[in-house]
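Single-structure report; data block below.
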Protein chains: 2
Amino acid sequence: MKVEILKENFKNGLNIVEKIVGKNLSLPILDNVLITTEDNFLSLSSTDLETAIKLWILTKIIRKGKAVVPAKFLSSFISLLPNEKIILEEKNQKLYVECNSFKNQIQGANPEEFPLIPEFLDLEFLEVDNKKLCQGLSQIVDIASPSSSRPEISGVYFIFSNNLIKMVATDSFRLAEKIITLGAPIKKNVSFILPQKPAREIINILEEKDGKIKIYFLPNQTMFEFPMKEAPRPQVQIVSRLIEGEYPNYEEIIPKKFKTHVIIKRDEFLNQIKAASLFSGKINEIKIKINVQQKEIQISAQDPDIGESHSSILAKIEGEPIEASFNHKFLIDGLQNIKSSEIIFDLSKEEGPCVLKPVGDASYIYVVMPIKST
Amino acid sequence: MKVEILKENFKNGLNIVEKIVGKNLSLPILDNVLITTEDNFLSLSSTDLETAIKLWILTKIIRKGKAVVPAKFLSSFISLLPNEKIILEEKNQKLYVECNSFKNQIQGANPEEFPLIPEFLDLEFLEVDNKKLCQGLSQIVDIASPSSSRPEISGVYFIFSNNLIKMVATDSFRLAEKIITLGAPIKKNVSFILPQKPAREIINILEEKDGKIKIYFLPNQTMFEFPMKEAPRPQVQIVSRLIEGEYPNYEEIIPKKFKTHVIIKRDEFLNQIKAASLFSGKINEIKIKINVQQKEIQISAQDPDIGESHSSILAKIEGEPIEASFNHKFLIDGLQNIKSSEIIFDLSKEEGPCVLKPVGDASYIYVVMPIKST
């Protein structure tokens, strides 16, 4: 392999594929990036066996071939080179890098040992606005519970149905749902559970990009693909295994009726909860008390070793006065995922699920369970 | 104690005094801040028994008194309050905080248990431009070696002599000296060794402030004081114990004669050393090779598991060709502490000390030992 590539393009590509590369003691080949020539493109691939990232860079190909080199090392090294053309040449599992006065060789590995990354050709896919998908995903992805003993709630549940994409995550104490509306109905209704890590990588890699993203459907895998402008190769593909199992029937958890309906300023509510959280004690006693009165919400917390906190906010309140206790972290997470200046806070009964959602946007809902009073 | 204080002023003060507060299991009183009324001022004090920080805030005093409360807790809490007036009141070792709708009480401790912080009155001091002192100190402070078995090199050596302040740090592999010239001669020549931690806190707390800083002299202690504009109290005092022992006669380590004199672009040299450092191996074999030719410097490193790096830079070179090996970290630290675009690199012999210094600024010198060839 011998190619001529711009430093900036190579660096940007390496920054993306190195994201899923860790330190793999049992399978060190996974610490590497696979570099391959494909027509006028250089492709870079990495995998952790659950997720694979592959991307293409328009490159002057001098001699076809492949190279496998340590991904994080190569990325650190290339970022230090001057902003010029780089010549990359592979000989005997060594990568030779030349740029200005630099002449380097990097010890690589055998490309035959690098795991095969599946290729999807002529398969069914769906297109959706990329920023909408990434922003929506970022509002729910952290709620999933990878450490749970229930693998089916360790990822993000995607439901493609009629003209909607629903994305759901829960850790059994709280649940978040984001709905994206498509311009046209989906041909076939499907659903899958995507692990949390690739869901986060999709956001990390793609959230700044304007355009449409393609979602491919397969029995045990999925692929998110972002196209390159008018090029025969995509810009980047993120392939992931799916989680097996049946996602809980989450819709029956979302309460439909409420006892008390509150409209409140988000930032002030969030700040008062954060302040109260400092007084809410350690480990087991992490609760803060929310007391909804006729015209205001009172927020309080106390711990004999720390002290007491009391504060209140005026709010638009309909329904009966109610008092409930919450894990402050769950309220803070929910409020931070809502971007509107005013939020709706619906409470059903002392120990029933409550709902947080933005005012004027029905596409997002966050359900949180109060702490049972003892 | 009862006072009325602006949130922003109180928050800024707490941000400073909390810097030296850690988690002190054996002496938990040190986790606290001491709050005291003094005339029209509220003073905040913290100490780790080596260093103490004290500052004054102009405040409306309603009732005189003292309070002792957890410093980091109070700082986190106050920063969440709205930007308004705060009423602080101490009763029975509890601090009551009121601000807008917030009514909080914080469990405190007994002010009598808080360590006494020494006060310096009518003592000898010297005034120096604060930014010059902080910037100079930041160029050398990281070179000191607190983990060394030699306590005398674990801090920064200050020499006050004639119209100069010399600040020196070494870890026995390299040495940095910064000289500040004063407008008038110093009355009495003195010197002391300041521990690294308070030296770093002086930079952290004061580096943005325009004005003169006062340095006080005492047998086993020193104090750095920054004044408040036209106020009877200083803005902030940093008091520290000094390190006992005699600082090595460092001036005899600085070489006076050289075999080879190089003038080279700093950023390019630094970048090439960083790139080579990636190829310089692990733990024991951290060396990179510098080869000074007639018109260029060649930089190289190699490791059988990683690969090889070779690069070069054109430079103005006088004297004989020379080759020497260095710990890359030591060269990188030295170059990062020099801010000029061109630097002087003087080499004496293969194993003798070398010097890095800025072009056109005789106030800074960085001496580094090459690695002996084996």
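In the structure tokens, each chain is lettered A, B, ... as it comes, each chain's residues begin at 1, and ligands are numbered from 1 in order of appearance.
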I'd like the superposed chain B, fitted onto chain A by least squares over all Cα atoms in order, as a short mmCIF file (atom, residue, chain, number, x, y, z; two decimals) with C-alpha atoms, in the first residue's frame.
data_model
loop_
_atom_site.label_atom_id
_atom_site.label_comp_id
_atom_site.auth_asym_id
_atom_site.auth_seq_id
_atom_site.Cartn_x
_atom_site.Cartn_y
_atom_site.Cartn_z
CA MET B 1 0.03 -0.01 -0.02
CA LYS B 2 1.19 3.51 -0.80
CA VAL B 3 -0.99 6.62 -0.64
CA GLU B 4 -0.74 10.39 -0.44
CA ILE B 5 -3.17 11.98 2.02
CA LEU B 6 -3.67 15.40 3.64
CA LYS B 7 -2.68 15.42 7.31
CA GLU B 8 -5.90 17.17 8.38
CA ASN B 9 -8.15 14.60 6.63
CA PHE B 10 -6.21 11.65 8.02
CA LYS B 11 -6.18 13.13 11.53
CA ASN B 12 -9.96 13.77 11.49
CA GLY B 13 -10.61 10.20 10.35
CA LEU B 14 -8.36 8.69 13.02
CA ASN B 15 -10.03 10.82 15.71
CA ILE B 16 -13.32 9.11 14.85
CA VAL B 17 -12.26 5.46 14.52
CA GLU B 18 -10.08 5.58 17.67
CA LYS B 19 -13.15 6.35 19.82
CA ILE B 20 -14.12 2.71 20.33
CA VAL B 21 -10.52 1.47 20.64
CA GLY B 22 -9.54 0.59 24.19
CA LYS B 23 -6.67 -1.34 25.72
CA ASN B 24 -7.47 -4.92 24.86
CA LEU B 25 -5.21 -7.29 26.79
CA SER B 26 -6.87 -10.52 25.67
CA LEU B 27 -7.23 -9.53 22.00
CA PRO B 28 -4.56 -6.89 21.24
CA ILE B 29 -5.42 -6.79 17.51
CA LEU B 30 -8.49 -4.72 18.54
CA ASP B 31 -6.15 -1.87 19.61
CA ASN B 32 -5.43 -1.30 15.93
CA VAL B 33 -6.98 0.50 13.01
CA LEU B 34 -7.32 -1.26 9.66
CA ILE B 35 -6.30 0.99 6.76
CA THR B 36 -7.41 -0.20 3.29
CA THR B 37 -7.38 1.29 -0.20
CA GLU B 38 -10.77 1.17 -2.00
CA ASP B 39 -10.78 2.82 -5.47
CA ASN B 40 -9.98 6.51 -4.80
CA PHE B 41 -10.59 6.17 -1.10
CA LEU B 42 -8.68 5.15 1.98
CA SER B 43 -10.94 3.39 4.46
CA LEU B 44 -10.25 3.31 8.21
CA SER B 45 -11.94 0.64 10.38
CA SER B 46 -11.97 -0.18 14.08
CA THR B 47 -14.03 -2.56 16.19
CA ASP B 48 -14.55 -3.69 19.77
CA LEU B 49 -16.48 -6.77 18.48
CA GLU B 50 -19.80 -5.23 19.59
CA THR B 51 -19.51 -2.02 17.58
CA ALA B 52 -17.49 -1.27 14.45
CA ILE B 53 -16.73 2.11 12.89
CA LYS B 54 -15.69 2.48 9.27
CA LEU B 55 -15.08 5.67 7.32
CA TRP B 56 -13.76 6.70 3.92
CA ILE B 57 -11.38 9.52 2.94
CA LEU B 58 -10.80 10.67 -0.65
CA THR B 59 -7.09 9.92 -1.16
CA LYS B 60 -4.48 9.71 -3.91
CA ILE B 61 -3.79 5.96 -4.15
CA ILE B 62 -0.30 5.15 -5.48
CA ARG B 63 -0.32 1.41 -4.73
CA LYS B 64 -3.23 -0.66 -3.43
CA GLY B 65 -3.00 -2.55 -0.14
CA LYS B 66 -3.76 -2.71 3.57
CA ALA B 67 -2.09 -1.85 6.87
CA VAL B 68 -2.95 -2.53 10.51
CA VAL B 69 -1.37 -0.20 13.12
CA PRO B 70 -2.07 0.83 16.74
CA ALA B 71 -4.99 3.29 16.46
CA LYS B 72 -4.41 5.60 19.43
CA PHE B 73 -0.66 5.70 18.81
CA LEU B 74 -1.12 6.60 15.15
CA SER B 75 -3.70 9.26 16.00
CA SER B 76 -1.39 10.92 18.60
CA PHE B 77 1.52 10.85 16.19
CA ILE B 78 -0.33 12.17 13.12
CA SER B 79 -1.78 15.07 15.12
CA LEU B 80 1.81 16.30 15.80
CA LEU B 81 2.76 16.43 12.11
CA PRO B 82 2.76 19.72 10.18
CA ASN B 83 -0.35 20.55 8.10
CA GLU B 84 1.00 19.08 4.85
CA LYS B 85 0.70 16.07 2.60
CA ILE B 86 1.62 12.73 4.14
CA ILE B 87 2.98 9.72 2.26
CA LEU B 88 1.88 6.44 3.87
CA GLU B 89 3.53 3.24 2.72
CA GLU B 90 3.10 -0.30 4.03
CA LYS B 91 5.96 -2.82 3.78
CA ASN B 92 6.30 -6.05 5.79
CA GLN B 93 3.70 -5.07 8.39
CA LYS B 94 5.42 -1.73 8.99
CA LEU B 95 3.78 1.60 8.15
CA TYR B 96 6.22 4.20 6.78
CA VAL B 97 5.07 7.79 7.29
CA GLU B 98 6.74 10.70 5.51
CA CYS B 99 5.74 14.34 5.99
CA ASN B 100 8.08 17.32 5.52
CA SER B 101 11.28 16.48 7.42
CA PHE B 102 9.61 13.56 9.24
CA LYS B 103 10.52 10.00 8.27
CA ASN B 104 8.87 7.49 10.60
CA GLN B 105 8.16 3.81 10.66
CA ILE B 106 5.51 2.26 12.85
CA GLN B 107 5.44 -1.40 13.77
CA GLY B 108 2.09 -2.83 12.66
CA ALA B 109 0.28 -6.19 12.71
CA ASN B 110 -0.97 -8.71 10.18
CA PRO B 111 -4.11 -7.43 8.36
CA GLU B 112 -5.36 -11.04 8.11
CA GLU B 113 -5.76 -11.10 11.91
CA PHE B 114 -8.05 -8.07 11.97
CA PRO B 115 -11.71 -9.09 12.55
CA LEU B 116 -13.99 -8.90 9.54
CA ILE B 117 -16.41 -6.00 9.69
CA PRO B 118 -19.77 -6.92 8.14
CA GLU B 119 -20.73 -5.11 4.94
CA PHE B 120 -24.33 -4.28 4.20
CA LEU B 121 -25.27 -4.01 0.56
CA ASP B 122 -28.67 -3.30 -0.98
CA LEU B 123 -30.48 -3.65 2.31
CA GLU B 124 -33.55 -1.95 3.64
CA PHE B 125 -32.92 1.38 5.27
CA LEU B 126 -34.74 4.42 6.52
CA GLU B 127 -33.58 8.04 6.26
CA VAL B 128 -34.01 10.60 9.02
CA ASP B 129 -32.66 14.07 9.77
CA ASN B 130 -29.31 13.46 11.48
CA LYS B 131 -29.35 16.32 13.99
CA LYS B 132 -32.91 15.47 15.09
CA LEU B 133 -31.87 11.87 15.68
CA CYS B 134 -28.69 12.77 17.58
CA GLN B 135 -30.34 15.44 19.71
CA GLY B 136 -33.24 13.15 20.56
CA LEU B 137 -30.95 10.27 21.37
CA SER B 138 -28.86 12.49 23.66
CA GLN B 139 -32.01 13.30 25.69
CA ILE B 140 -32.52 9.66 26.66
CA VAL B 141 -29.31 7.64 26.22
CA ASP B 142 -27.93 8.21 29.74
CA ILE B 143 -31.07 6.75 31.34
CA ALA B 144 -30.32 3.24 30.04
CA SER B 145 -28.85 0.90 32.60
CA PRO B 146 -25.89 -1.15 31.30
CA SER B 147 -24.98 -2.39 34.78
CA SER B 148 -28.43 -3.87 35.27
CA SER B 149 -28.93 -7.60 35.55
CA ARG B 150 -31.63 -7.19 32.92
CA PRO B 151 -29.82 -6.95 29.56
CA GLU B 152 -32.97 -5.83 27.73
CA ILE B 153 -32.93 -2.46 29.55
CA SER B 154 -29.18 -1.97 29.12
CA GLY B 155 -29.68 -0.25 25.75
CA VAL B 156 -31.92 2.16 23.88
CA TYR B 157 -35.17 0.75 22.49
CA PHE B 158 -35.97 1.96 18.95
CA ILE B 159 -39.48 1.52 17.56
CA PHE B 160 -40.14 2.33 13.90
CA SER B 161 -43.88 2.46 13.37
CA ASN B 162 -46.11 4.38 10.91
CA ASN B 163 -44.41 7.76 10.52
CA LEU B 164 -42.72 7.77 13.94
CA ILE B 165 -39.40 6.75 15.45
CA LYS B 166 -39.77 6.24 19.20
CA MET B 167 -36.60 5.99 21.29
CA VAL B 168 -36.93 4.77 24.87
CA ALA B 169 -34.56 4.17 27.79
CA THR B 170 -35.18 3.13 31.38
CA ASP B 171 -33.33 1.89 34.44
CA SER B 172 -36.62 0.78 36.11
CA PHE B 173 -36.66 3.84 38.41
CA ARG B 174 -37.25 6.29 35.59
CA LEU B 175 -38.00 6.18 31.90
CA ALA B 176 -37.50 8.62 29.03
CA GLU B 177 -39.17 8.55 25.61
CA LYS B 178 -38.40 10.75 22.60
CA ILE B 179 -40.51 10.67 19.44
CA ILE B 180 -39.29 11.83 16.02
CA THR B 181 -41.92 12.39 13.33
CA LEU B 182 -40.97 11.46 9.76
CA GLY B 183 -42.24 13.03 6.56
CA ALA B 184 -43.53 9.74 5.17
CA PRO B 185 -44.79 6.48 6.72
CA ILE B 186 -42.32 3.63 7.29
CA LYS B 187 -42.79 0.62 5.00
CA LYS B 188 -42.39 -2.05 7.63
CA ASN B 189 -42.84 -1.70 11.39
CA VAL B 190 -39.71 -2.89 13.23
CA SER B 191 -37.99 -2.41 16.58
CA PHE B 192 -34.61 -3.19 18.15
CA ILE B 193 -32.55 -2.58 21.27
CA LEU B 194 -29.25 -0.79 20.57
CA PRO B 195 -26.51 -1.07 23.27
CA GLN B 196 -25.74 2.18 25.11
CA LYS B 197 -22.10 2.48 23.94
CA PRO B 198 -22.75 2.65 20.16
CA ALA B 199 -25.73 4.94 20.85
CA ARG B 200 -23.33 7.32 22.62
CA GLU B 201 -20.77 7.03 19.78
CA ILE B 202 -23.42 7.96 17.19
CA ILE B 203 -23.99 11.20 19.14
CA ASN B 204 -20.24 11.83 19.63
CA ILE B 205 -19.36 11.27 16.00
CA LEU B 206 -22.35 12.69 14.16
CA GLU B 207 -24.17 15.31 16.25
CA GLU B 208 -22.59 18.31 14.48
CA LYS B 209 -23.35 17.06 10.95
CA ASP B 210 -26.15 18.51 8.82
CA GLY B 211 -27.92 16.05 6.54
CA LYS B 212 -29.81 12.77 6.57
CA ILE B 213 -28.64 9.63 8.33
CA LYS B 214 -29.56 6.14 7.08
CA ILE B 215 -30.58 3.43 9.53
CA TYR B 216 -30.24 -0.14 8.19
CA PHE B 217 -32.24 -3.13 9.48
CA LEU B 218 -30.89 -6.66 9.98
CA PRO B 219 -31.85 -9.55 12.23
CA ASN B 220 -29.13 -9.15 14.89
CA GLN B 221 -27.39 -6.01 13.78
CA THR B 222 -28.00 -2.46 12.72
CA MET B 223 -25.99 0.17 10.91
CA PHE B 224 -26.11 3.97 11.05
CA GLU B 225 -24.60 5.50 7.93
CA PHE B 226 -23.86 9.12 7.14
CA PRO B 227 -23.31 9.81 3.42
CA MET B 228 -20.49 11.77 1.75
CA LYS B 229 -21.63 14.52 -0.61
CA GLU B 230 -22.09 13.07 -4.10
CA ALA B 231 -19.50 10.34 -3.48
CA PRO B 232 -19.85 6.62 -4.13
CA ARG B 233 -18.71 5.83 -0.58
CA PRO B 234 -20.43 6.86 2.66
CA GLN B 235 -18.62 9.25 5.04
CA VAL B 236 -18.94 7.01 8.07
CA GLN B 237 -20.71 3.79 9.10
CA ILE B 238 -21.37 2.68 12.67
CA VAL B 239 -22.33 -0.99 12.82
CA SER B 240 -23.55 -2.55 16.06
CA ARG B 241 -24.82 -5.82 17.39
CA LEU B 242 -28.29 -5.61 18.90
CA ILE B 243 -29.37 -6.71 22.36
CA GLU B 244 -31.49 -9.84 22.38
CA GLY B 245 -34.62 -10.07 24.49
CA GLU B 246 -37.95 -8.35 24.74
CA TYR B 247 -38.16 -4.75 25.89
CA PRO B 248 -40.68 -4.24 28.74
CA ASN B 249 -44.10 -2.94 27.76
CA TYR B 250 -43.09 0.55 28.79
CA GLU B 251 -46.19 2.37 27.59
CA GLU B 252 -48.25 1.00 30.46
CA ILE B 253 -45.84 2.65 32.93
CA ILE B 254 -46.53 6.14 31.55
CA PRO B 255 -49.42 7.48 33.64
CA LYS B 256 -52.35 8.94 31.73
CA LYS B 257 -54.20 10.68 34.57
CA PHE B 258 -52.89 13.08 37.21
CA LYS B 259 -53.97 14.53 40.50
CA THR B 260 -51.85 17.67 40.22
CA HIS B 261 -50.61 19.57 37.17
CA VAL B 262 -47.77 22.07 37.57
CA ILE B 263 -46.13 24.48 35.09
CA ILE B 264 -42.84 25.79 36.46
CA LYS B 265 -39.64 27.58 35.35
CA ARG B 266 -37.05 24.96 34.55
CA ASP B 267 -33.79 26.70 35.59
CA GLU B 268 -35.11 27.89 38.95
CA PHE B 269 -36.62 24.49 39.77
CA LEU B 270 -33.39 22.72 38.76
CA ASN B 271 -31.24 25.08 40.85
CA GLN B 272 -33.41 24.67 43.95
CA ILE B 273 -33.30 20.88 43.61
CA LYS B 274 -29.51 21.00 43.26
CA ALA B 275 -29.23 23.17 46.38
CA ALA B 276 -31.54 20.85 48.35
CA SER B 277 -29.63 17.81 47.09
CA LEU B 278 -26.56 18.98 49.04
CA PHE B 279 -28.60 18.66 52.26
CA SER B 280 -30.17 15.31 51.41
CA GLY B 281 -27.61 13.09 53.11
CA LYS B 282 -25.51 10.24 51.89
CA ILE B 283 -26.03 6.85 50.21
CA ASN B 284 -29.40 5.63 51.52
CA GLU B 285 -31.02 8.92 52.36
CA ILE B 286 -30.74 10.71 49.05
CA LYS B 287 -34.29 12.01 49.05
CA ILE B 288 -35.62 15.53 48.74
CA LYS B 289 -39.20 16.47 49.47
CA ILE B 290 -41.45 18.27 46.97
CA ASN B 291 -44.55 19.88 48.44
CA VAL B 292 -47.02 21.27 45.92
CA GLN B 293 -49.24 23.94 47.50
CA GLN B 294 -51.88 26.13 45.86
CA LYS B 295 -49.54 28.66 44.29
CA GLU B 296 -46.03 27.46 44.98
CA ILE B 297 -43.81 24.41 45.12
CA GLN B 298 -41.76 23.95 48.28
CA ILE B 299 -38.52 22.01 48.07
CA SER B 300 -36.81 20.72 51.17
CA ALA B 301 -34.21 18.29 52.43
CA GLN B 302 -32.50 17.59 55.70
CA ASP B 303 -29.86 15.49 57.35
CA PRO B 304 -28.86 15.69 61.03
CA ASP B 305 -25.12 15.85 60.20
CA ILE B 306 -25.41 18.46 57.45
CA GLY B 307 -28.36 20.75 58.17
CA GLU B 308 -31.61 21.74 56.47
CA SER B 309 -32.69 23.35 53.23
CA HIS B 310 -36.03 24.98 52.44
CA SER B 311 -36.93 26.96 49.36
CA SER B 312 -39.95 27.64 47.15
CA ILE B 313 -40.96 28.76 43.67
CA LEU B 314 -44.19 30.29 42.39
CA ALA B 315 -45.82 28.05 39.76
CA LYS B 316 -49.08 27.61 37.81
CA ILE B 317 -50.79 24.79 39.72
CA GLU B 318 -54.00 22.93 38.98
CA GLY B 319 -55.42 20.12 41.09
CA GLU B 320 -54.90 19.08 44.67
CA PRO B 321 -51.96 19.85 47.00
CA ILE B 322 -49.60 16.89 47.14
CA GLU B 323 -46.32 15.95 48.79
CA ALA B 324 -43.82 13.41 47.43
CA SER B 325 -40.16 12.51 47.96
CA PHE B 326 -37.68 11.89 45.15
CA ASN B 327 -34.14 10.74 44.55
CA HIS B 328 -32.68 14.15 43.64
CA LYS B 329 -30.42 12.64 40.95
CA PHE B 330 -33.45 11.36 39.04
CA LEU B 331 -35.16 14.76 39.05
CA ILE B 332 -31.92 16.55 38.06
CA ASP B 333 -31.29 14.14 35.14
CA GLY B 334 -34.83 14.61 33.85
CA LEU B 335 -34.73 18.41 34.06
CA GLN B 336 -31.30 18.57 32.40
CA ASN B 337 -32.62 16.55 29.45
CA ILE B 338 -35.44 19.05 28.88
CA LYS B 339 -34.34 22.17 27.02
CA SER B 340 -37.46 24.40 27.27
CA SER B 341 -37.61 27.33 29.72
CA GLU B 342 -40.89 26.13 31.24
CA ILE B 343 -41.70 22.53 32.09
CA ILE B 344 -44.77 20.53 32.99
CA PHE B 345 -44.56 18.49 36.21
CA ASP B 346 -47.51 16.11 36.65
CA LEU B 347 -48.00 14.19 39.91
CA SER B 348 -50.52 11.40 40.28
CA LYS B 349 -50.42 10.27 43.91
CA GLU B 350 -47.81 10.17 46.72
CA GLU B 351 -46.23 6.96 45.46
CA GLY B 352 -47.29 6.88 41.82
CA PRO B 353 -45.15 7.75 38.79
CA CYS B 354 -44.71 11.44 37.99
CA VAL B 355 -44.03 13.04 34.62
CA LEU B 356 -41.69 15.83 33.52
CA LYS B 357 -42.02 17.24 30.01
CA PRO B 358 -41.34 20.43 28.08
CA VAL B 359 -44.16 22.98 27.66
CA GLY B 360 -45.28 23.05 24.02
CA ASP B 361 -43.45 19.92 22.87
CA ALA B 362 -45.21 16.56 23.07
CA SER B 363 -42.22 14.65 21.65
CA TYR B 364 -40.41 14.13 24.98
CA ILE B 365 -41.58 12.60 28.25
CA TYR B 366 -39.62 11.68 31.40
CA VAL B 367 -41.33 9.42 33.96
CA VAL B 368 -39.91 9.18 37.49
CA MET B 369 -40.99 7.14 40.51
CA PRO B 370 -41.17 8.89 43.90
CA ILE B 371 -39.42 7.27 46.88
CA LYS B 372 -41.88 5.37 49.01
CA SER B 373 -42.39 6.98 52.42
CA THR B 374 -41.38 4.65 55.24
#
Expected answer as a tab-separated table (two decimals) with C-alpha atoms, in the first residue's frame: alpha helix (DSSP H) residues in segment 172-322 of chain A:
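Saved the output as selection_8.tsv:
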chain	number	residue	atom	x	y	z
A	196	GLN	CA	-25.72	2.18	25.11
A	197	LYS	CA	-22.10	2.48	23.96
A	198	PRO	CA	-22.73	2.66	20.19
A	199	ALA	CA	-25.73	4.93	20.86
A	200	ARG	CA	-23.33	7.33	22.60
A	201	GLU	CA	-20.77	7.01	19.78
A	202	ILE	CA	-23.42	7.95	17.20
A	203	ILE	CA	-23.98	11.19	19.15
A	204	ASN	CA	-20.23	11.82	19.64
A	205	ILE	CA	-19.36	11.26	16.00
A	206	LEU	CA	-22.35	12.68	14.15
A	266	ARG	CA	-37.03	24.95	34.55
A	267	ASP	CA	-33.80	26.70	35.60
A	268	GLU	CA	-35.11	27.89	38.96
A	269	PHE	CA	-36.62	24.49	39.78
A	270	LEU	CA	-33.39	22.73	38.77
A	271	ASN	CA	-31.24	25.08	40.87
A	272	GLN	CA	-33.40	24.67	43.97
A	273	ILE	CA	-33.31	20.88	43.62
A	274	LYS	CA	-29.51	20.99	43.27
A	275	ALA	CA	-29.24	23.16	46.40
A	276	ALA	CA	-31.57	20.85	48.38
A	277	SER	CA	-29.65	17.80	47.12
A	278	LEU	CA	-26.58	18.97	49.06
* Enumerate the residues of segment 232-293 of chain A with a DSSP assignment of strand (DSSP E or B), computed from the backbone, and present them as a ChimeraX atom specification. => /A:234-241,260-265,287-292
